[in-house]
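> Structure file query-v4.cif, mmCIF, N, CA and C atoms, is pasted below:
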```
data_upload
#
loop_
_atom_site.label_atom_id
_atom_site.label_comp_id
_atom_site.auth_asym_id
_atom_site.auth_seq_id
_atom_site.Cartn_x
_atom_site.Cartn_y
_atom_site.Cartn_z
N MET A 1 -4.81 9.07 -4.94
CA MET A 1 -4.77 7.67 -4.55
C MET A 1 -4.67 7.60 -3.03
N LYS A 2 -5.43 6.70 -2.44
CA LYS A 2 -5.37 6.51 -0.99
C LYS A 2 -4.05 5.86 -0.59
N GLN A 3 -3.58 6.20 0.60
CA GLN A 3 -2.33 5.64 1.08
C GLN A 3 -2.50 4.20 1.57
N HIS A 4 -3.61 3.93 2.26
CA HIS A 4 -3.83 2.60 2.84
C HIS A 4 -5.04 1.94 2.19
N LEU A 5 -4.80 1.18 1.14
CA LEU A 5 -5.88 0.45 0.47
C LEU A 5 -6.01 -0.93 1.10
N LYS A 6 -7.25 -1.39 1.22
CA LYS A 6 -7.49 -2.76 1.68
C LYS A 6 -7.31 -3.70 0.50
N ILE A 7 -7.03 -4.95 0.79
CA ILE A 7 -6.88 -5.96 -0.27
C ILE A 7 -8.20 -6.08 -1.02
N GLY A 8 -8.13 -6.00 -2.34
CA GLY A 8 -9.32 -6.06 -3.19
C GLY A 8 -9.92 -4.70 -3.50
N GLU A 9 -9.46 -3.67 -2.84
CA GLU A 9 -10.00 -2.33 -3.04
C GLU A 9 -9.39 -1.70 -4.30
N TYR A 10 -10.18 -0.88 -4.98
CA TYR A 10 -9.74 -0.18 -6.18
C TYR A 10 -9.45 1.28 -5.87
N SER A 11 -8.52 1.87 -6.60
CA SER A 11 -8.22 3.28 -6.47
C SER A 11 -7.79 3.81 -7.83
N VAL A 12 -7.96 5.10 -8.02
CA VAL A 12 -7.64 5.72 -9.30
C VAL A 12 -6.43 6.64 -9.13
N TYR A 13 -5.51 6.54 -10.07
CA TYR A 13 -4.38 7.46 -10.14
C TYR A 13 -4.06 7.71 -11.60
N ASP A 14 -3.85 8.95 -11.96
CA ASP A 14 -3.54 9.32 -13.34
C ASP A 14 -4.60 8.79 -14.30
N LYS A 15 -5.85 8.87 -13.89
CA LYS A 15 -7.01 8.43 -14.68
C LYS A 15 -7.00 6.94 -14.99
N LYS A 16 -6.22 6.16 -14.22
CA LYS A 16 -6.17 4.71 -14.39
C LYS A 16 -6.56 4.05 -13.08
N THR A 17 -7.25 2.92 -13.18
CA THR A 17 -7.73 2.22 -12.00
C THR A 17 -6.79 1.09 -11.64
N PHE A 18 -6.40 1.07 -10.36
CA PHE A 18 -5.50 0.05 -9.83
C PHE A 18 -6.24 -0.74 -8.75
N ARG A 19 -5.87 -2.00 -8.62
CA ARG A 19 -6.46 -2.86 -7.59
C ARG A 19 -5.36 -3.33 -6.65
N CYS A 20 -5.63 -3.31 -5.38
CA CYS A 20 -4.70 -3.77 -4.35
C CYS A 20 -4.86 -5.29 -4.22
N LYS A 21 -3.75 -6.03 -4.38
CA LYS A 21 -3.78 -7.48 -4.31
C LYS A 21 -2.71 -8.00 -3.36
N ALA A 22 -3.04 -9.02 -2.60
CA ALA A 22 -2.05 -9.65 -1.71
C ALA A 22 -1.01 -10.37 -2.56
N ASP A 23 0.23 -10.42 -2.06
CA ASP A 23 1.30 -11.06 -2.81
C ASP A 23 2.30 -11.67 -1.84
N ASN A 24 2.76 -12.88 -2.13
CA ASN A 24 3.68 -13.59 -1.23
C ASN A 24 5.11 -13.66 -1.73
N HIS A 25 5.45 -12.96 -2.80
CA HIS A 25 6.81 -12.97 -3.33
C HIS A 25 7.75 -12.15 -2.44
N SER A 26 9.03 -12.19 -2.75
CA SER A 26 10.00 -11.37 -2.03
C SER A 26 9.74 -9.90 -2.36
N GLN A 27 10.30 -9.01 -1.55
CA GLN A 27 10.07 -7.58 -1.78
C GLN A 27 10.56 -7.15 -3.16
N LYS A 28 11.70 -7.64 -3.58
CA LYS A 28 12.24 -7.28 -4.89
C LYS A 28 11.30 -7.71 -6.01
N LYS A 29 10.78 -8.93 -5.91
CA LYS A 29 9.86 -9.45 -6.93
C LYS A 29 8.54 -8.67 -6.92
N ARG A 30 8.05 -8.34 -5.71
CA ARG A 30 6.81 -7.56 -5.62
C ARG A 30 6.98 -6.21 -6.32
N CYS A 31 8.12 -5.58 -6.13
CA CYS A 31 8.37 -4.28 -6.77
C CYS A 31 8.37 -4.40 -8.29
N LEU A 32 8.87 -5.50 -8.81
CA LEU A 32 8.87 -5.71 -10.26
C LEU A 32 7.46 -5.98 -10.80
N LEU A 33 6.62 -6.64 -9.99
CA LEU A 33 5.27 -7.00 -10.42
C LEU A 33 4.27 -5.85 -10.25
N CYS A 34 4.59 -4.90 -9.39
CA CYS A 34 3.66 -3.82 -9.07
C CYS A 34 3.56 -2.83 -10.23
N ASP A 35 2.34 -2.51 -10.64
CA ASP A 35 2.13 -1.59 -11.75
C ASP A 35 2.28 -0.12 -11.36
N LEU A 36 2.46 0.18 -10.08
CA LEU A 36 2.71 1.56 -9.65
C LEU A 36 4.19 1.92 -9.70
N ARG A 37 5.05 0.99 -10.02
CA ARG A 37 6.49 1.24 -9.95
C ARG A 37 6.94 2.39 -10.85
N ASP A 38 6.26 2.62 -11.96
CA ASP A 38 6.65 3.68 -12.90
C ASP A 38 6.09 5.05 -12.51
N TYR A 39 5.29 5.12 -11.46
CA TYR A 39 4.67 6.38 -11.05
C TYR A 39 5.35 7.05 -9.87
N ASN A 40 6.41 6.46 -9.33
CA ASN A 40 7.15 7.02 -8.19
C ASN A 40 6.27 7.28 -6.97
N LEU A 41 5.32 6.38 -6.71
CA LEU A 41 4.42 6.52 -5.56
C LEU A 41 4.84 5.67 -4.37
N CYS A 42 5.94 4.96 -4.48
CA CYS A 42 6.35 4.05 -3.41
C CYS A 42 6.42 4.69 -2.02
N PRO A 43 6.92 5.91 -1.88
CA PRO A 43 6.96 6.51 -0.54
C PRO A 43 5.57 6.87 0.02
N TYR A 44 4.55 6.88 -0.85
CA TYR A 44 3.24 7.38 -0.45
C TYR A 44 2.17 6.31 -0.24
N VAL A 45 2.38 5.10 -0.74
CA VAL A 45 1.40 4.03 -0.55
C VAL A 45 1.96 2.96 0.37
N ALA A 46 1.10 2.38 1.17
CA ALA A 46 1.52 1.35 2.12
C ALA A 46 1.38 -0.02 1.46
N CYS A 47 2.53 -0.65 1.14
CA CYS A 47 2.48 -1.95 0.49
C CYS A 47 3.30 -3.01 1.24
N GLN A 48 4.16 -2.59 2.14
CA GLN A 48 4.99 -3.53 2.90
C GLN A 48 4.27 -3.98 4.16
N PRO A 49 4.51 -5.20 4.61
CA PRO A 49 3.79 -5.73 5.79
C PRO A 49 3.93 -4.85 7.03
N ASP A 50 5.08 -4.26 7.26
CA ASP A 50 5.26 -3.43 8.45
C ASP A 50 4.57 -2.07 8.36
N GLU A 51 4.08 -1.69 7.17
CA GLU A 51 3.36 -0.43 6.98
C GLU A 51 1.85 -0.61 7.08
N ARG A 52 1.39 -1.85 7.08
CA ARG A 52 -0.05 -2.12 7.00
C ARG A 52 -0.61 -2.70 8.29
N ASP A 53 -1.88 -2.40 8.55
CA ASP A 53 -2.56 -2.92 9.75
C ASP A 53 -2.76 -4.43 9.68
N ASP A 54 -3.00 -4.97 8.48
CA ASP A 54 -3.22 -6.41 8.35
C ASP A 54 -1.92 -7.20 8.23
N HIS A 55 -0.78 -6.52 8.17
CA HIS A 55 0.56 -7.12 8.11
C HIS A 55 0.74 -8.06 6.92
N LYS A 56 0.12 -7.69 5.79
CA LYS A 56 0.26 -8.47 4.56
C LYS A 56 0.91 -7.61 3.49
N ALA A 57 1.77 -8.22 2.70
CA ALA A 57 2.40 -7.52 1.59
C ALA A 57 1.42 -7.47 0.42
N VAL A 58 1.39 -6.34 -0.27
CA VAL A 58 0.47 -6.17 -1.39
C VAL A 58 1.20 -5.57 -2.59
N ILE A 59 0.57 -5.74 -3.75
CA ILE A 59 1.01 -5.06 -4.97
C ILE A 59 -0.22 -4.38 -5.57
N PHE A 60 0.01 -3.48 -6.49
CA PHE A 60 -1.07 -2.76 -7.14
C PHE A 60 -1.03 -3.08 -8.63
N LYS A 61 -2.15 -3.59 -9.13
CA LYS A 61 -2.23 -4.02 -10.52
C LYS A 61 -3.24 -3.16 -11.27
N LEU A 62 -2.88 -2.81 -12.51
CA LEU A 62 -3.82 -2.10 -13.37
C LEU A 62 -5.00 -3.00 -13.69
N THR A 63 -6.16 -2.41 -13.83
CA THR A 63 -7.31 -3.20 -14.23
C THR A 63 -7.15 -3.58 -15.71
N ARG A 64 -7.87 -4.55 -16.15
CA ARG A 64 -7.72 -5.13 -17.48
C ARG A 64 -7.84 -4.09 -18.59
N LYS A 65 -8.74 -3.14 -18.45
CA LYS A 65 -8.96 -2.12 -19.47
C LYS A 65 -7.66 -1.37 -19.78
N TYR A 66 -6.89 -1.05 -18.75
CA TYR A 66 -5.69 -0.24 -18.94
C TYR A 66 -4.48 -1.07 -19.34
N LYS A 67 -4.48 -2.35 -19.06
CA LYS A 67 -3.37 -3.20 -19.48
C LYS A 67 -3.28 -3.24 -21.00
N LYS A 68 -4.42 -3.24 -21.69
CA LYS A 68 -4.44 -3.24 -23.15
C LYS A 68 -3.80 -1.96 -23.67
N GLU A 69 -4.18 -0.81 -23.10
CA GLU A 69 -3.66 0.48 -23.54
C GLU A 69 -2.15 0.55 -23.29
N GLN A 70 -1.70 0.04 -22.15
CA GLN A 70 -0.30 0.12 -21.78
C GLN A 70 0.55 -0.69 -22.77
N GLY A 71 0.05 -1.82 -23.22
CA GLY A 71 0.79 -2.66 -24.15
C GLY A 71 0.93 -2.03 -25.53
N ASN A 72 -0.04 -1.19 -25.91
CA ASN A 72 0.00 -0.57 -27.23
C ASN A 72 0.88 0.67 -27.26
N GLY A 73 1.14 1.28 -26.11
CA GLY A 73 1.83 2.57 -26.10
C GLY A 73 3.24 2.39 -25.94
#
```
Using structure tokens, write down the structure from this file.

Amino acid sequence: MKQHLKIGEYSVYDKKTFRCKADNHSQKKRCLLCDLRDYNLCPYVACQPDERDDHKAVIFKLTRKYKKEQGNG
């Protein structure tokens, strides 16, 4: 997975596709909404405004295909 994803960009981790999306919630809420939270990648991906060139907070969401699988498992 790339460390610095642009908003709208897709990346693959653990054979699952994630999309980088802008988010305006508090940091705590963003962490709860982010689908990477269970993968322990927080130290390796830039999601906080001070870590990014565009100074926007982002979250990473699973694509629709994998959300179905996640709900069944």
> Using only C-alpha atoms, which residue out of A:Phe18, A:Tyr13, A:Gln3, A:Asn24 lies closest to Arg52 (chain A)?
A:Gln3
> Spell out the residues picked by the PyMOL selection byres ((chain A and resi 60) around 6) here, as a list of chain:residue names.
A:Phe18, A:Arg19, A:Cys20, A:Lys21, A:Cys34, A:Asp35, A:Leu36, A:Val58, A:Ile59, A:Lys61, A:Leu62
> So which one's closest to His55 (chain A), A:Lys16, A:Lys6, A:Cys31, A:Arg37? Using only C-alpha atoms, please.
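Result for the nearest residue to His55 (chain A): A:Lys6.
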> Mind pulling up the distance from CA of Leu33 (chain A) to CA of Thr17 (chain A)?
16.0 Å
> Any idea what the distance is between atom C of Pro49 (chain A) and atom C of Val12 (chain A)?
22.4 Å
> List every residue of region 9-64 of chain A that DSSP, applied to the backbone of this structure, places in strand (DSSP E), and write the result as a list in words.
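Selecting the strand (DSSP E) positions of region 9-64 of chain A gives Tyr10, Ser11, Val12, Tyr13, Lys16, Thr17, Phe18, Arg19, Cys20, Lys21, Ala22, Val58, Ile59, Phe60, Lys61 and Leu62 of chain A.
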> Keeping N, CA and C atoms for every residue in the selection just given, could you write it to a file as a PDB file, in the coordinates of the input?

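Output saved as part_6.pdb:
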```pdb
ATOM      1  N   TYR A  10     -10.180  -0.880  -4.980  1.00  0.00           N
ATOM      2  CA  TYR A  10      -9.740  -0.180  -6.180  1.00  0.00           C
ATOM      3  C   TYR A  10      -9.450   1.280  -5.870  1.00  0.00           C
ATOM      4  N   SER A  11      -8.520   1.870  -6.600  1.00  0.00           N
ATOM      5  CA  SER A  11      -8.220   3.280  -6.470  1.00  0.00           C
ATOM      6  C   SER A  11      -7.790   3.810  -7.830  1.00  0.00           C
ATOM      7  N   VAL A  12      -7.960   5.100  -8.020  1.00  0.00           N
ATOM      8  CA  VAL A  12      -7.640   5.720  -9.300  1.00  0.00           C
ATOM      9  C   VAL A  12      -6.430   6.640  -9.130  1.00  0.00           C
ATOM     10  N   TYR A  13      -5.510   6.540 -10.070  1.00  0.00           N
ATOM     11  CA  TYR A  13      -4.380   7.460 -10.140  1.00  0.00           C
ATOM     12  C   TYR A  13      -4.060   7.710 -11.600  1.00  0.00           C
ATOM     13  N   LYS A  16      -6.220   6.160 -14.220  1.00  0.00           N
ATOM     14  CA  LYS A  16      -6.170   4.710 -14.390  1.00  0.00           C
ATOM     15  C   LYS A  16      -6.560   4.050 -13.080  1.00  0.00           C
ATOM     16  N   THR A  17      -7.250   2.920 -13.180  1.00  0.00           N
ATOM     17  CA  THR A  17      -7.730   2.220 -12.000  1.00  0.00           C
ATOM     18  C   THR A  17      -6.790   1.090 -11.640  1.00  0.00           C
ATOM     19  N   PHE A  18      -6.400   1.070 -10.360  1.00  0.00           N
ATOM     20  CA  PHE A  18      -5.500   0.050  -9.830  1.00  0.00           C
ATOM     21  C   PHE A  18      -6.240  -0.740  -8.750  1.00  0.00           C
ATOM     22  N   ARG A  19      -5.870  -2.000  -8.620  1.00  0.00           N
ATOM     23  CA  ARG A  19      -6.460  -2.860  -7.590  1.00  0.00           C
ATOM     24  C   ARG A  19      -5.360  -3.330  -6.650  1.00  0.00           C
ATOM     25  N   CYS A  20      -5.630  -3.310  -5.380  1.00  0.00           N
ATOM     26  CA  CYS A  20      -4.700  -3.770  -4.350  1.00  0.00           C
ATOM     27  C   CYS A  20      -4.860  -5.290  -4.220  1.00  0.00           C
ATOM     28  N   LYS A  21      -3.750  -6.030  -4.380  1.00  0.00           N
ATOM     29  CA  LYS A  21      -3.780  -7.480  -4.310  1.00  0.00           C
ATOM     30  C   LYS A  21      -2.710  -8.000  -3.360  1.00  0.00           C
ATOM     31  N   ALA A  22      -3.040  -9.020  -2.600  1.00  0.00           N
ATOM     32  CA  ALA A  22      -2.050  -9.650  -1.710  1.00  0.00           C
ATOM     33  C   ALA A  22      -1.010 -10.370  -2.560  1.00  0.00           C
ATOM     34  N   VAL A  58       1.390  -6.340  -0.270  1.00  0.00           N
ATOM     35  CA  VAL A  58       0.470  -6.170  -1.390  1.00  0.00           C
ATOM     36  C   VAL A  58       1.200  -5.570  -2.590  1.00  0.00           C
ATOM     37  N   ILE A  59       0.570  -5.740  -3.750  1.00  0.00           N
ATOM     38  CA  ILE A  59       1.010  -5.060  -4.970  1.00  0.00           C
ATOM     39  C   ILE A  59      -0.220  -4.380  -5.570  1.00  0.00           C
ATOM     40  N   PHE A  60       0.010  -3.480  -6.490  1.00  0.00           N
ATOM     41  CA  PHE A  60      -1.070  -2.760  -7.140  1.00  0.00           C
ATOM     42  C   PHE A  60      -1.030  -3.080  -8.630  1.00  0.00           C
ATOM     43  N   LYS A  61      -2.150  -3.590  -9.130  1.00  0.00           N
ATOM     44  CA  LYS A  61      -2.230  -4.020 -10.520  1.00  0.00           C
ATOM     45  C   LYS A  61      -3.240  -3.160 -11.270  1.00  0.00           C
ATOM     46  N   LEU A  62      -2.880  -2.810 -12.510  1.00  0.00           N
ATOM     47  CA  LEU A  62      -3.820  -2.100 -13.370  1.00  0.00           C
ATOM     48  C   LEU A  62      -5.000  -3.000 -13.690  1.00  0.00           C
TER      49      LEU A  62
END
```
> So how far away is CA of Lys56 (chain A) from CA of Asp14 (chain A), in Å?
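Atom-to-atom, CA of Asp14 (chain A) to CA of Lys56 (chain A), that is 25.5 Å.
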> From the options A:Asp50, A:Ala57, A:Val45, A:Thr63, which residue's atoms come nearest to Met1 (chain A), counting all atoms listed in the file?
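Ranking A:Asp50, A:Ala57, A:Val45, A:Thr63 by distance to Met1 (chain A), first place goes to A:Val45.
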> Taking all atoms of region 25-29 of chain A that the file lists, what box with edges along x, y and z, padded by 3 Å per side, do you get, with centre and edge lengths in Å to one decimal, as JSON?

```
{"center_x": 8.8, "center_y": -10.1, "center_z": -4.2, "size_x": 12.8, "size_y": 11.8, "size_z": 11.4}
```
> Report the residues of chain A whose backbone DSSP state falls under alpha helix (DSSP H), written as a list in words.
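Those in chain A that DSSP calls alpha helix (DSSP H) are Gln27, Lys28, Lys29, Arg30, Cys31, Leu32, Leu33, Arg64, Lys65, Tyr66, Lys67, Lys68, Glu69, Gln70, Gly71 and Asn72 of chain A.
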